[in-house]
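Engineer: Got a structure for you, written out below as structure tokens; questions coming shortly.
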Amino acid sequence: MHTTAGNYYTKKSTTAVGTSAVNTTYLASITGVSSGSACKPYYKKYNFGAKGTARTQNWMAMIPGNVKFNHLSLPGTHDAATSSCSSSYAKCQAYTIAEQLSKGCRALDLRPYYDSSDLTIYHGSFSTGVTLASALSAVTSFLDSNPTETVFVLMAQEGGSDGNTTWEDRVWTCLNDYTSYIASYGWTGNLNPCRGKMVVIFRNTYTGGTNTGDLGCGKVGWGSSFNPKSIGTGSGSSTYNTGTLYYQDEYEYTSSSYASDKLTNLENMLTNYIAANEADAGLIYVNNTNCIQGSSVLGSVVINTDITTTANSVNTVVLGSSTFTNHTGRFGIMMTDFLFSSSQNGDQMFELIHQQNYKYVYKNRTRCSTTSASGTDTGVDISAD
């Protein structure tokens, strides 16, 4: 049940809808909530907290386990490991990966580069100083403490060409240490089998390494925005299709109207792809909010606006977009610069994305009218959960 204050509660199964003889732990009726607003509980005796002060560390606990993974709206961080970068042209986040996860982030953009001694995460030519192993360790430590959650990891080779066999072998070796935490092809099914695990997809085709097996990870050829990408598994010639990924990653803008131009692309992905295929459980979407603004010199963009400025501008226009604020379906996976940072409106961006799961998951499933709220009327059940 959702109260006007933003609280979500379950109802004690032995308490009839419409009565008031309950406390806030087993809520059926309080001020600001119609007597018929209570619903059949997903997880009994669990107070999910309030909007703005929600239990963001384990917010997925309230999502029914039979919801498809790709029907979720996941708040994510673009270039997730860059909080330690000193350059304003490389730093995209203010918080460490561990802090992001604790605050409610559930999708990470990780870009390791093999520098002849270790896999270190980079943003362009800038080293974050964070190794892939330490980033994955932060994820798995979080999952150990919060087994109801899952983390989507989108991984790409930074600073090298696709098909680099050394990079692929090193990444495989690193991931092999975390096999028990990888939800095998998790994007294809329900949330429950993904709980306590990572869902991993590579932006690289990942076919040249000598190590065999994909460890349950997917791989795509990133290519151009908006074009469908087959998600492959296996290695080399054994690759086969297990779904389709769409993404929007238009990030270079030379016009002073870069924020509105970026918003157009974000809305295009939401309306023409995500909303247009609302019922299709075989599609996964990544909608990147990040962008850079600069001038064009011989076909290349020379950045002249730092990421904190562009992030603030883009986050502001998204929050002011009725296309997003009025949308009642999934957002897909949204990778955002400065998620949670109030100075870039990243805290409001998190709320926008995070709260979408409640609007969507509960839509048409938890309502009973006040006229029928009597006796043991507990709303609409969700089967197989």
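Residue numbers start at 1 in each chain; chains themselves are named A, B, ... in the order of the structure tokens; ligands are numbered from 1 in the order shown.
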Check which residues of stretch 107-178 of chain A sit at most 9 Å from stretch 332-350 of chain A using only C-alpha atoms, and return one row each with the closest pair of atoms and their distance in Å to one decimal, ordered by chain and rising number, as a tab-separated table.
Structural biologist:
```
residue	atom	partner	partner_atom	distance
A:Ala107	CA	A:Ile333	CA	7.1
A:Leu108	CA	A:Met335	CA	7.7
A:Asp109	CA	A:Met335	CA	7.5
A:Phe152	CA	A:Ile333	CA	8.7
```
Engineer: When DSSP works through the backbone of this structure, what residues of stretch 227-335 of chain A end up as alpha helix (DSSP H), shown as a PyMOL selection string?
Structural biologist: chain A and resi 258-268+307-319+322-325
Engineer: For the interface of stretch 101-141 of chain A with stretch 168-172 of chain A (cut-off 9 Å, counting only C-alpha atoms), please tabulate each contacting residue of stretch 101-141 of chain A alongside its nearest pair of atoms and their separation in Å to one decimal, rows sorted by chain and increasing number, as a Markdown table.
Structural biologist:
```
| residue | atom | partner | partner_atom | distance |
| --- | --- | --- | --- | --- |
| A:Pro112 | CA | A:Val171 | CA | 8.4 |
| A:Tyr114 | CA | A:Arg170 | CA | 7.8 |
| A:Asp118 | CA | A:Arg170 | CA | 8.3 |
| A:Leu119 | CA | A:Arg170 | CA | 7.4 |
| A:Leu132 | CA | A:Val171 | CA | 8.3 |
```
Engineer: Write the residues of the selection above to a file with C-alpha atoms, as an mmCIF file, in the first residue's frame.
Structural biologist:
```
data_model
loop_
_atom_site.group_PDB
_atom_site.id
_atom_site.type_symbol
_atom_site.label_atom_id
_atom_site.label_comp_id
_atom_site.auth_asym_id
_atom_site.auth_seq_id
_atom_site.Cartn_x
_atom_site.Cartn_y
_atom_site.Cartn_z
ATOM 1 C CA PRO A 112 38.549 -1.817 -17.415
ATOM 2 C CA TYR A 114 44.644 -3.813 -19.166
ATOM 3 C CA ASP A 118 46.431 -5.202 -13.962
ATOM 4 C CA LEU A 119 42.897 -4.446 -15.092
ATOM 5 C CA LEU A 132 38.203 -4.317 -11.783
#
```
Engineer: Would you pick out the contacts of A:Ser321 at 12 Å or less, using only C-alpha atoms, so that residues sharing its chain but fewer than 5 positions from it are not included, and give the list as a list in words?
Structural biologist: Ala259, Ser260, Lys262, Leu263, Thr264, Leu266, Glu267, Leu270, Val314, Asn315, Thr316, Asn326, His327, Met349 and Leu352 of chain A
Engineer: Which residues are close to stretch 229-233 of chain A, i.e. within 12 Å by only C-alpha atoms, leaving aside same-chain residues fewer than 5 positions away? Reply as a PyMOL selection string.
Structural biologist: chain A and resi 184-188+200-207+212-224+238-248+282-286
Engineer: Neighbours of A:Ala138 within 7 Å (only C-alpha atoms; same-chain residues fewer than 4 positions away dropped), as an MDAnalysis selection string?
Structural biologist: chainID A and resid 97:98 134 142
Engineer: For A:Pro75, which residue out of A:Thr150, A:Asp249, A:Ala183, A:Cys105 is the nearest one, using only C-alpha atoms?
Structural biologist: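 Of the candidates, the smallest distance to A:Pro75 is held by A:Cys105.
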Engineer: Give me, as an MDAnalysis selection string, all polymer residues having an atom no more than 9 Å from A:Tyr113, counting only C-alpha atoms and skipping those fewer than 2 positions away in the same chain.
Structural biologist: chainID A and resid 111 115 118:122 127 132 156:160 167
Engineer: For A:Thr131, which of A:Thr271, A:Thr166, A:Leu110, A:Asn265 is the closest residue, counting only C-alpha atoms?
Structural biologist: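 For A:Thr131, the nearest of the candidates is A:Leu110.
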